[in-house]
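Engineer: To be precise about what I am sending: the file is called query_24.cif and holds mmCIF, C-alpha atoms.
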```cif
data_structure
#
loop_
_atom_site.label_atom_id
_atom_site.label_comp_id
_atom_site.auth_asym_id
_atom_site.auth_seq_id
_atom_site.Cartn_x
_atom_site.Cartn_y
_atom_site.Cartn_z
CA MET A 1 16.93 -21.34 -9.14
CA ILE A 2 13.52 -20.08 -8.04
CA TYR A 3 12.67 -18.21 -11.26
CA LEU A 4 13.35 -21.27 -13.38
CA GLU A 5 11.36 -23.47 -10.99
CA LEU A 6 8.41 -21.06 -11.12
CA PHE A 7 8.62 -20.94 -14.90
CA LEU A 8 8.76 -24.71 -15.39
CA GLY A 9 6.24 -25.44 -12.62
CA PHE A 10 3.57 -23.12 -13.95
CA LEU A 11 4.29 -24.00 -17.56
CA ARG A 12 3.29 -27.52 -16.53
CA VAL A 13 0.10 -26.24 -14.92
CA GLY A 14 -0.77 -24.22 -18.03
CA LEU A 15 -0.05 -27.13 -20.34
CA PHE A 16 -2.20 -29.70 -18.55
CA SER A 17 -5.17 -27.71 -17.27
CA PHE A 18 -7.75 -29.18 -19.61
CA GLY A 19 -11.42 -28.74 -18.86
CA GLY A 20 -12.00 -25.39 -17.25
CA ALA A 21 -10.99 -23.31 -14.28
CA TYR A 22 -11.04 -25.98 -11.61
CA SER A 23 -8.73 -28.35 -13.44
CA ALA A 24 -5.80 -26.13 -12.45
CA ILE A 25 -6.33 -26.76 -8.74
CA PRO A 26 -4.94 -30.32 -8.57
CA LEU A 27 -1.99 -29.28 -10.76
CA VAL A 28 -1.14 -26.25 -8.63
CA ARG A 29 -1.39 -28.38 -5.49
CA ASP A 30 1.04 -30.83 -7.12
CA ILE A 31 3.75 -28.27 -7.76
CA VAL A 32 3.43 -26.16 -4.60
CA VAL A 33 3.69 -29.30 -2.49
CA GLN A 34 6.56 -30.66 -4.58
CA TYR A 35 8.61 -27.48 -4.24
CA GLY A 36 7.35 -26.72 -0.72
CA TRP A 37 6.03 -23.32 -1.72
CA LEU A 38 2.69 -23.38 0.10
CA SER A 39 0.97 -25.42 2.79
CA ASP A 40 -2.25 -27.24 1.96
CA ASP A 41 -4.15 -24.75 4.12
CA MET A 42 -2.67 -21.85 2.21
CA VAL A 43 -3.69 -23.44 -1.11
CA THR A 44 -7.27 -23.56 0.19
CA TYR A 45 -7.13 -19.89 1.18
CA ILE A 46 -5.84 -18.88 -2.23
CA ILE A 47 -8.67 -20.78 -3.91
CA ALA A 48 -11.11 -18.82 -1.75
CA VAL A 49 -9.38 -15.54 -2.62
CA SER A 50 -9.41 -16.51 -6.31
CA GLU A 51 -13.13 -17.23 -6.16
CA SER A 52 -13.75 -13.82 -4.63
CA THR A 53 -11.67 -11.81 -7.09
CA PRO A 54 -12.04 -11.49 -10.85
CA GLY A 55 -10.06 -13.53 -13.33
CA PRO A 56 -9.35 -17.22 -13.91
CA ILE A 57 -8.29 -19.24 -10.85
CA MET A 58 -5.21 -20.53 -12.65
CA VAL A 59 -3.86 -17.02 -13.24
CA ASN A 60 -4.69 -15.90 -9.71
CA MET A 61 -2.85 -18.84 -8.18
CA ALA A 62 0.20 -18.32 -10.39
CA THR A 63 0.39 -14.64 -9.49
CA TYR A 64 0.05 -15.38 -5.78
CA VAL A 65 2.63 -18.16 -5.62
CA GLY A 66 5.08 -16.23 -7.79
CA SER A 67 4.76 -13.10 -5.69
CA THR A 68 5.14 -14.79 -2.31
CA GLN A 69 8.09 -16.89 -3.51
CA ALA A 70 10.03 -14.34 -5.55
CA GLY A 71 8.43 -10.89 -5.53
CA VAL A 72 7.19 -8.92 -8.53
CA LEU A 73 9.47 -10.64 -11.01
CA GLY A 74 8.44 -14.04 -9.65
CA SER A 75 4.74 -13.21 -10.04
CA VAL A 76 5.28 -11.96 -13.60
CA ILE A 77 7.21 -15.11 -14.53
CA ALA A 78 4.65 -17.47 -12.97
CA THR A 79 1.71 -15.64 -14.56
CA VAL A 80 3.29 -15.47 -18.01
CA SER A 81 4.32 -19.11 -17.93
CA VAL A 82 0.86 -20.33 -16.87
CA VAL A 83 -0.71 -18.46 -19.81
CA LEU A 84 1.98 -19.27 -22.39
CA PRO A 85 0.93 -22.84 -23.33
CA SER A 86 -2.71 -21.99 -24.03
CA PHE A 87 -1.67 -18.82 -25.86
CA PHE A 88 0.56 -20.66 -28.30
CA ILE A 89 -1.75 -23.64 -28.65
CA ILE A 90 -4.61 -21.34 -29.71
CA LEU A 91 -2.34 -19.56 -32.21
CA LEU A 92 -1.11 -22.88 -33.52
CA ILE A 93 -4.66 -24.15 -34.02
CA MET A 94 -5.72 -20.93 -35.75
CA VAL A 95 -2.74 -20.74 -38.05
CA VAL A 96 -1.97 -24.30 -39.07
CA LEU A 97 -3.85 -26.96 -37.22
CA LYS A 98 -7.52 -26.14 -37.53
CA SER A 99 -8.15 -29.66 -38.74
CA ILE A 100 -6.70 -31.18 -35.56
CA LEU A 101 -9.99 -30.55 -33.78
CA LYS A 102 -11.67 -33.04 -36.10
CA ASN A 103 -8.75 -35.46 -36.07
CA VAL A 104 -9.91 -38.85 -34.79
CA TYR A 105 -6.75 -39.53 -32.77
CA PHE A 106 -6.95 -36.13 -31.09
CA GLN A 107 -10.61 -36.74 -30.30
CA ALA A 108 -9.72 -40.18 -28.91
CA VAL A 109 -7.13 -38.63 -26.59
CA LEU A 110 -9.69 -36.06 -25.43
CA SER A 111 -12.27 -38.78 -24.83
CA GLY A 112 -9.93 -40.16 -22.16
CA LEU A 113 -8.69 -36.81 -20.84
CA LYS A 114 -12.02 -35.13 -20.21
CA PRO A 115 -13.59 -37.67 -17.84
CA CYS A 116 -10.22 -38.08 -16.11
CA VAL A 117 -10.06 -34.36 -15.34
CA ILE A 118 -13.54 -34.50 -13.84
CA GLY A 119 -12.57 -37.47 -11.67
CA VAL A 120 -9.43 -35.73 -10.45
CA ILE A 121 -11.33 -32.54 -9.56
CA LEU A 122 -14.00 -34.57 -7.75
CA ALA A 123 -11.35 -36.43 -5.73
CA VAL A 124 -9.57 -33.22 -4.76
CA GLY A 125 -12.86 -31.63 -3.68
CA VAL A 126 -13.82 -34.65 -1.58
CA TYR A 127 -10.33 -34.90 -0.09
CA MET A 128 -10.13 -31.20 0.79
CA THR A 129 -13.56 -31.28 2.37
CA ALA A 130 -12.89 -34.41 4.42
CA ARG A 131 -9.40 -33.37 5.42
CA SER A 132 -10.65 -30.25 7.19
CA PHE A 133 -12.39 -32.30 9.86
CA LEU A 134 -10.99 -35.82 9.48
CA SER A 135 -7.43 -37.05 9.75
CA LEU A 136 -6.21 -40.63 9.35
CA SER A 137 -2.47 -40.21 9.73
CA PRO A 138 -0.38 -39.98 11.84
CA SER A 139 -3.35 -40.85 14.03
CA PHE A 140 -7.10 -40.84 13.69
CA SER A 141 -8.75 -37.60 14.69
CA PHE A 142 -12.15 -36.11 14.10
CA ASP A 143 -13.04 -32.46 14.58
CA LEU A 144 -16.74 -32.43 15.40
CA LYS A 145 -17.09 -28.65 15.28
CA ALA A 146 -15.51 -28.40 11.82
CA ALA A 147 -17.60 -31.34 10.57
CA GLY A 148 -20.78 -29.67 11.84
CA LEU A 149 -19.88 -26.38 10.15
CA THR A 150 -19.08 -28.16 6.87
CA ALA A 151 -22.48 -29.86 7.02
CA LEU A 152 -24.10 -26.47 7.67
CA PHE A 153 -22.34 -24.88 4.70
CA ALA A 154 -23.31 -27.78 2.44
CA LEU A 155 -26.92 -27.46 3.59
CA VAL A 156 -26.99 -23.71 2.95
CA TYR A 157 -25.16 -23.87 -0.40
CA PHE A 158 -26.94 -26.83 -1.97
CA GLY A 159 -30.21 -26.32 -0.05
CA SER A 160 -30.60 -22.75 -1.31
CA ARG A 161 -31.13 -24.18 -4.80
CA ARG A 162 -34.47 -25.62 -3.70
CA ILE A 163 -35.64 -22.17 -2.70
CA LYS A 164 -34.14 -20.07 -5.48
CA LYS A 165 -33.08 -21.19 -8.95
CA GLY A 166 -29.28 -21.46 -9.05
CA GLY A 167 -29.04 -21.00 -5.30
CA ILE A 168 -26.48 -18.72 -3.68
CA SER A 169 -23.27 -17.87 -5.52
CA PRO A 170 -19.84 -19.21 -4.54
CA ILE A 171 -18.83 -15.73 -3.38
CA LEU A 172 -21.86 -15.52 -1.10
CA LEU A 173 -20.98 -18.92 0.38
CA ILE A 174 -17.44 -17.70 1.05
CA VAL A 175 -18.74 -14.55 2.77
CA PHE A 176 -21.21 -16.62 4.80
CA SER A 177 -18.54 -19.11 5.85
CA ALA A 178 -16.23 -16.25 6.84
CA VAL A 179 -18.88 -14.69 9.06
CA VAL A 180 -19.71 -18.05 10.66
CA GLY A 181 -15.97 -18.68 11.11
CA ILE A 182 -15.57 -15.43 13.00
CA ALA A 183 -18.64 -16.17 15.12
CA VAL A 184 -17.47 -19.69 16.00
CA TYR A 185 -13.69 -19.33 16.27
CA GLY A 186 -13.65 -15.90 17.89
CA ILE A 187 -12.33 -12.41 17.31
CA MET B 188 -3.02 1.25 -32.92
CA LYS B 189 -6.58 2.20 -32.06
CA LEU B 190 -7.70 -1.39 -32.61
CA LEU B 191 -4.93 -2.77 -30.42
CA PHE B 192 -5.96 -0.39 -27.67
CA ASP B 193 -9.63 -1.36 -28.09
CA LEU B 194 -8.74 -5.05 -27.82
CA PHE B 195 -6.69 -4.42 -24.72
CA ILE B 196 -9.33 -2.26 -23.00
CA THR B 197 -12.24 -4.55 -23.88
CA PHE B 198 -10.54 -7.63 -22.49
CA PHE B 199 -9.28 -5.65 -19.52
CA LYS B 200 -12.93 -4.86 -18.75
CA ILE B 201 -13.94 -8.50 -19.19
CA GLY B 202 -11.04 -9.58 -16.96
CA LEU B 203 -12.06 -7.06 -14.32
CA PHE B 204 -15.71 -7.99 -14.08
CA THR B 205 -15.77 -11.75 -14.29
CA PHE B 206 -15.78 -13.52 -10.98
CA GLY B 207 -15.42 -17.25 -10.51
CA GLY B 208 -13.98 -17.74 -13.96
CA GLY B 209 -14.97 -20.12 -16.71
CA TYR B 210 -18.36 -20.19 -18.28
CA ALA B 211 -19.59 -17.17 -16.33
CA MET B 212 -17.35 -15.10 -18.59
CA LEU B 213 -18.78 -16.40 -21.84
CA SER B 214 -21.89 -14.22 -21.83
CA LEU B 215 -19.82 -11.09 -21.20
CA ILE B 216 -17.33 -12.04 -23.91
CA GLU B 217 -20.16 -12.69 -26.33
CA ARG B 218 -21.78 -9.33 -25.56
CA GLU B 219 -18.54 -7.42 -26.03
CA CYS B 220 -16.96 -9.24 -28.97
CA VAL B 221 -20.00 -10.37 -30.96
CA GLU B 222 -22.75 -7.83 -30.26
CA LYS B 223 -20.91 -4.62 -29.41
CA HIS B 224 -17.72 -4.71 -31.49
CA GLY B 225 -18.62 -7.31 -34.11
CA TRP B 226 -15.11 -8.75 -33.90
CA ILE B 227 -16.30 -12.32 -34.41
CA SER B 228 -19.61 -13.83 -35.51
CA ALA B 229 -21.89 -15.82 -33.21
CA ASP B 230 -20.88 -18.90 -35.20
CA GLU B 231 -17.20 -18.24 -34.54
CA MET B 232 -17.98 -17.73 -30.87
CA ALA B 233 -19.32 -21.29 -30.79
CA THR B 234 -16.14 -22.51 -32.52
CA VAL B 235 -13.97 -20.73 -29.96
CA THR B 236 -15.89 -22.44 -27.20
CA VAL B 237 -15.21 -25.84 -28.75
CA ILE B 238 -11.52 -25.01 -29.22
CA ALA B 239 -11.31 -23.76 -25.64
CA GLU B 240 -12.84 -26.98 -24.36
CA SER B 241 -10.32 -29.08 -26.26
CA THR B 242 -7.22 -27.11 -25.29
CA PRO B 243 -5.63 -26.37 -21.94
CA GLY B 244 -6.08 -23.07 -20.17
CA PRO B 245 -9.03 -20.97 -19.06
CA ILE B 246 -11.74 -20.41 -21.64
CA ALA B 247 -11.58 -16.62 -21.16
CA ILE B 248 -7.91 -16.47 -22.05
CA ASN B 249 -8.45 -18.77 -25.03
CA CYS B 250 -11.16 -16.39 -26.25
CA ALA B 251 -8.95 -13.33 -25.77
CA THR B 252 -6.12 -14.90 -27.74
CA TYR B 253 -8.48 -16.04 -30.50
CA VAL B 254 -10.32 -12.73 -30.94
CA GLY B 255 -7.09 -10.73 -30.71
CA TYR B 256 -5.41 -12.83 -33.40
CA ARG B 257 -8.44 -12.72 -35.66
CA GLN B 258 -8.49 -8.91 -35.51
CA LYS B 259 -4.82 -7.97 -35.57
CA GLY B 260 -2.57 -11.02 -35.84
CA PHE B 261 0.08 -11.80 -33.27
CA THR B 262 0.19 -8.32 -31.67
CA GLY B 263 -3.60 -8.40 -31.38
CA ALA B 264 -3.41 -11.76 -29.63
CA VAL B 265 -0.87 -10.35 -27.20
CA ALA B 266 -2.98 -7.22 -26.55
CA GLY B 267 -6.16 -9.21 -25.90
CA THR B 268 -4.50 -11.81 -23.69
CA LEU B 269 -2.56 -9.20 -21.73
CA GLY B 270 -5.72 -7.16 -21.18
CA MET B 271 -7.53 -10.28 -19.96
CA VAL B 272 -4.82 -11.27 -17.48
CA LEU B 273 -3.77 -7.86 -16.15
CA PRO B 274 -6.71 -7.03 -13.82
CA SER B 275 -6.48 -10.26 -11.86
CA PHE B 276 -2.69 -10.03 -11.85
CA ILE B 277 -2.76 -6.57 -10.24
CA ILE B 278 -5.46 -7.46 -7.71
CA ILE B 279 -3.87 -10.74 -6.63
CA TYR B 280 -0.42 -9.19 -6.48
CA ILE B 281 -1.67 -6.56 -4.02
CA ILE B 282 -3.44 -9.24 -1.96
CA SER B 283 -0.35 -11.46 -1.95
CA VAL B 284 1.69 -8.71 -0.32
CA PHE B 285 -0.73 -8.43 2.60
CA LEU B 286 -2.38 -11.83 3.03
CA ASP B 287 0.28 -13.39 5.27
CA ARG B 288 0.17 -10.44 7.64
CA PHE B 289 -3.62 -10.33 7.55
CA LEU B 290 -3.77 -13.97 8.61
CA GLU B 291 -1.99 -13.09 11.84
CA ILE B 292 -5.00 -11.01 12.87
CA THR B 293 -7.26 -13.27 14.94
CA TRP B 294 -10.63 -12.46 13.40
CA ILE B 295 -9.31 -12.80 9.89
CA ALA B 296 -7.73 -16.13 10.77
CA SER B 297 -11.10 -17.20 12.19
CA ALA B 298 -12.84 -16.11 9.00
CA PHE B 299 -10.43 -18.19 6.94
CA ARG B 300 -10.95 -21.22 9.18
CA GLY B 301 -14.61 -20.97 8.20
CA ILE B 302 -13.82 -20.31 4.54
CA LYS B 303 -11.51 -23.32 4.42
CA LEU B 304 -14.48 -25.59 5.17
CA ALA B 305 -16.50 -24.13 2.31
CA VAL B 306 -13.86 -24.27 -0.44
CA GLY B 307 -13.90 -28.07 -0.75
CA LEU B 308 -17.66 -27.90 -1.27
CA LEU B 309 -17.21 -25.44 -4.12
CA ILE B 310 -14.79 -27.82 -5.82
CA ILE B 311 -17.14 -30.78 -5.37
CA ASP B 312 -19.93 -28.62 -6.81
CA ALA B 313 -17.83 -27.77 -9.87
CA ALA B 314 -17.07 -31.47 -10.44
CA VAL B 315 -20.72 -32.49 -10.02
CA LYS B 316 -21.80 -29.88 -12.56
CA MET B 317 -19.25 -31.28 -15.01
CA ILE B 318 -20.47 -34.82 -14.37
CA LYS B 319 -24.04 -33.74 -15.12
CA LYS B 320 -22.95 -32.41 -18.51
CA MET B 321 -20.85 -35.51 -19.26
CA LYS B 322 -22.11 -38.21 -21.62
CA LYS B 323 -23.28 -41.02 -19.34
CA ARG B 324 -21.70 -43.89 -21.27
CA PRO B 325 -19.75 -46.73 -19.64
CA PHE B 326 -16.34 -45.61 -20.96
CA PRO B 327 -16.24 -42.00 -19.67
CA LEU B 328 -17.89 -43.04 -16.42
CA ALA B 329 -15.30 -45.78 -15.84
CA VAL B 330 -12.41 -43.40 -16.61
CA MET B 331 -13.90 -40.74 -14.33
CA LEU B 332 -14.41 -43.12 -11.41
CA THR B 333 -10.97 -44.74 -11.80
CA ALA B 334 -9.31 -41.33 -11.92
CA ALA B 335 -11.24 -40.18 -8.85
CA ALA B 336 -10.29 -43.32 -6.90
CA ALA B 337 -6.63 -43.05 -7.94
CA MET B 338 -6.44 -39.35 -7.09
CA LEU B 339 -8.08 -39.97 -3.72
CA ALA B 340 -5.54 -42.72 -2.96
CA ILE B 341 -2.68 -40.43 -4.01
CA ASN B 342 -3.90 -37.77 -1.60
CA ILE B 343 -4.73 -40.02 1.33
CA PHE B 344 -1.44 -41.91 1.25
CA SER B 345 0.55 -38.79 0.26
CA LEU B 346 1.96 -40.64 -2.75
CA ARG B 347 4.44 -38.73 -4.85
CA VAL B 348 2.46 -39.11 -8.03
CA SER B 349 1.45 -36.08 -10.02
CA SER B 350 -2.07 -35.82 -11.38
CA ILE B 351 -0.37 -35.34 -14.77
CA VAL B 352 0.46 -39.06 -14.69
CA LEU B 353 -3.26 -39.79 -14.43
CA LEU B 354 -4.03 -37.41 -17.31
CA LEU B 355 -1.41 -39.02 -19.53
CA ALA B 356 -2.67 -42.50 -18.64
CA ALA B 357 -6.22 -41.42 -19.47
CA ALA B 358 -5.07 -40.03 -22.82
CA VAL B 359 -3.47 -43.40 -23.64
CA VAL B 360 -6.61 -45.25 -22.52
CA GLY B 361 -8.72 -42.97 -24.73
CA LEU B 362 -6.52 -43.79 -27.73
CA ALA B 363 -6.54 -47.51 -26.93
CA ALA B 364 -10.33 -47.51 -26.66
CA TYR B 365 -10.53 -45.87 -30.06
CA PHE B 366 -8.32 -48.56 -31.64
CA VAL B 367 -10.35 -51.32 -30.01
CA ARG B 368 -13.59 -49.80 -31.33
CA ARG B 369 -12.09 -49.47 -34.80
CA ALA B 370 -10.79 -53.04 -34.83
CA GLU B 371 -14.19 -54.30 -33.74
CA ALA B 372 -15.97 -52.32 -36.44
CA LYS B 373 -13.60 -53.79 -39.03
CA ARG B 374 -14.14 -57.32 -37.79
CA LYS B 375 -17.92 -56.86 -38.01
CA GLU B 376 -17.52 -55.54 -41.52
CA GLY B 377 -15.44 -58.59 -42.38
CA ALA B 378 -18.06 -60.93 -40.92
CA GLU B 379 -20.80 -59.46 -43.05
#
```
Show me this structure written as structure tokens.

Structural biologist:
Amino acid sequence: MIYLELFLGFLRVGLFSFGGAYSAIPLVRDIVVQYGWLSDDMVTYIIAVSESTPGPIMVNMATYVGSTQAGVLGSVIATVSVVLPSFFIILLIMVVLKSILKNVYFQAVLSGLKPCVIGVILAVGVYMTARSFLSLSPSFSFDLKAAGLTALFALVYFGSRRIKKGGISPILLIVFSAVVGIAVYGI
Amino acid sequence: MKLLFDLFITFFKIGLFTFGGGYAMLSLIERECVEKHGWISADEMATVTVIAESTPGPIAINCATYVGYRQKGFTGAVAGTLGMVLPSFIIIYIISVFLDRFLEITWIASAFRGIKLAVGLLIIDAAVKMIKKMKKRPFPLAVMLTAAAAMLAINIFSLRVSSIVLLLAAAVVGLAAYFVRRAEAKRKEGAE
């Protein structure tokens, strides 16, 4: 049943998204691929939409997947279930478990979790970047135009930091890449 | 009732005006909850940040739940969290109804082909910023690199392994490392 799948799927995302907004991306990719809800391309688009609209990426992705898979009710279920774990964990910590934050075993678990999350996010970023111009299976292919554009975007995004402190914002990069996309791939 | 409404509206505003998520929201939350309404102290704000970093879920939602509960118990927590989530829910819901059809329009599809190339860079950037803040000791670095290599392999070879498996493994490794450190400290103590 789709509602149950959405509920369990996004509960899992909400429960394991340690370490900030981007940690939800690998988890959402996991479940949408597992259930066949979205293509990899579509996941990328939703990340871009999430970056350009207010609110946490995790919530945005849950709402989008829920809505496209099962309408309003689906989006409500997915959104509620992605928020539920952190909601109850915060309440639990406030009410009974304040000392868990200082617990040595809890801290030991976190000392493994935190760097792992960073590694996973890094790998997903590298993979998503490379995949847009490079393919190894079923056969090797290389899209020179896409690779050139990616290099251009990287130059603009990271290079702008040498000119202005903080550089351009993610939203500005998305707008820029959209304009370049239209110019290169046609109207 | 007035307080519940205030909590809801304040977090609705925060949810509406924070783009990109995460730490960008913290300054707005601090301004609203600490300076303007005095709902929590600056000290508590720091505690919330620590709690948020050690628990799953977006920091903004963690803050909304915390402040709401502190002010008005369970209903307050619901009001704050709901207010925080609602703006993005409404906006994304509207987008989700149209996006598929929009993508059939050539120029929009072209725009997204460009955008697609930039999104990976944003994710890499987020990871690099996290690495910069990380303690550069052998243990976290080794875990980070192993996780990155494993995740890359999972993606490249389309393995059916969830990233949750990696997280759980890392949690176990973290615990194991702690026990090893403790055993070593004890042995040293014994030697002295």

Engineer: Care to translate the PyMOL selection byres ((chain B and resi 275) around 7) into actual residues of this file, as an MDAnalysis selection string?

Structural biologist: (chainID A and resid 54:55 60) or (chainID B and resid 202:203 272:274 276:279)

Engineer: Go ahead and dump the residues you just picked, C-alpha atoms, as an mmCIF file, in the frame of the given file.

Structural biologist:
```cif
data_model
loop_
_atom_site.group_PDB
_atom_site.id
_atom_site.type_symbol
_atom_site.label_atom_id
_atom_site.label_comp_id
_atom_site.auth_asym_id
_atom_site.auth_seq_id
_atom_site.Cartn_x
_atom_site.Cartn_y
_atom_site.Cartn_z
ATOM 1 C CA PRO A 54 -12.040 -11.490 -10.850
ATOM 2 C CA GLY A 55 -10.060 -13.530 -13.330
ATOM 3 C CA ASN A 60 -4.690 -15.900 -9.710
ATOM 4 C CA GLY B 202 -11.040 -9.580 -16.960
ATOM 5 C CA LEU B 203 -12.060 -7.060 -14.320
ATOM 6 C CA VAL B 272 -4.820 -11.270 -17.480
ATOM 7 C CA LEU B 273 -3.770 -7.860 -16.150
ATOM 8 C CA PRO B 274 -6.710 -7.030 -13.820
ATOM 9 C CA PHE B 276 -2.690 -10.030 -11.850
ATOM 10 C CA ILE B 277 -2.760 -6.570 -10.240
ATOM 11 C CA ILE B 278 -5.460 -7.460 -7.710
ATOM 12 C CA ILE B 279 -3.870 -10.740 -6.630
#
```

Engineer: So that I can check the surroundings of stretch 225-234 of chain B, please list as JSON, numbers by chain every protein, DNA and RNA residue that reaches within 7 Å of it, counting only C-alpha atoms and ignoring chain neighbours fewer than 5 positions away.

Structural biologist: {"B": [220, 254, 258]}

Engineer: Could you please take those selected residues and save C-alpha atoms as a CSV table (one decimal), keeping the file's coordinate frame?

Structural biologist:
```csv
chain,number,residue,atom,x,y,z
B,220,CYS,CA,-17.0,-9.2,-29.0
B,254,VAL,CA,-10.3,-12.7,-30.9
B,258,GLN,CA,-8.5,-8.9,-35.5
```

Engineer: Kindly determine which residues of chain B lie within 7 Å of chain A, considering all atoms listed in the file, and give the answer as a PyMOL selection string.

Structural biologist: chain B and resi 202-209+240+242-246+249+252-253+275-276+279-280+283+293-294+297-311+314+317-318+327+330-332+334-335+338-339+349-350+354+357-362+365

Engineer: Report, in Å to a single decimal, how far apart atom CA of A:Gly166 and atom CA of B:Ala313 are.

Structural biologist: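 Pair atom CA of B:Ala313 / atom CA of A:Gly166 returns 13.1 Å.
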
Engineer: Contacts of A:Ile2 at 9 Å or less, counting all atoms listed in the file, minus same-chain residues fewer than 6 places along, as a list in words?

Structural biologist: Gln69, Ala70 and Gly74 of chain A
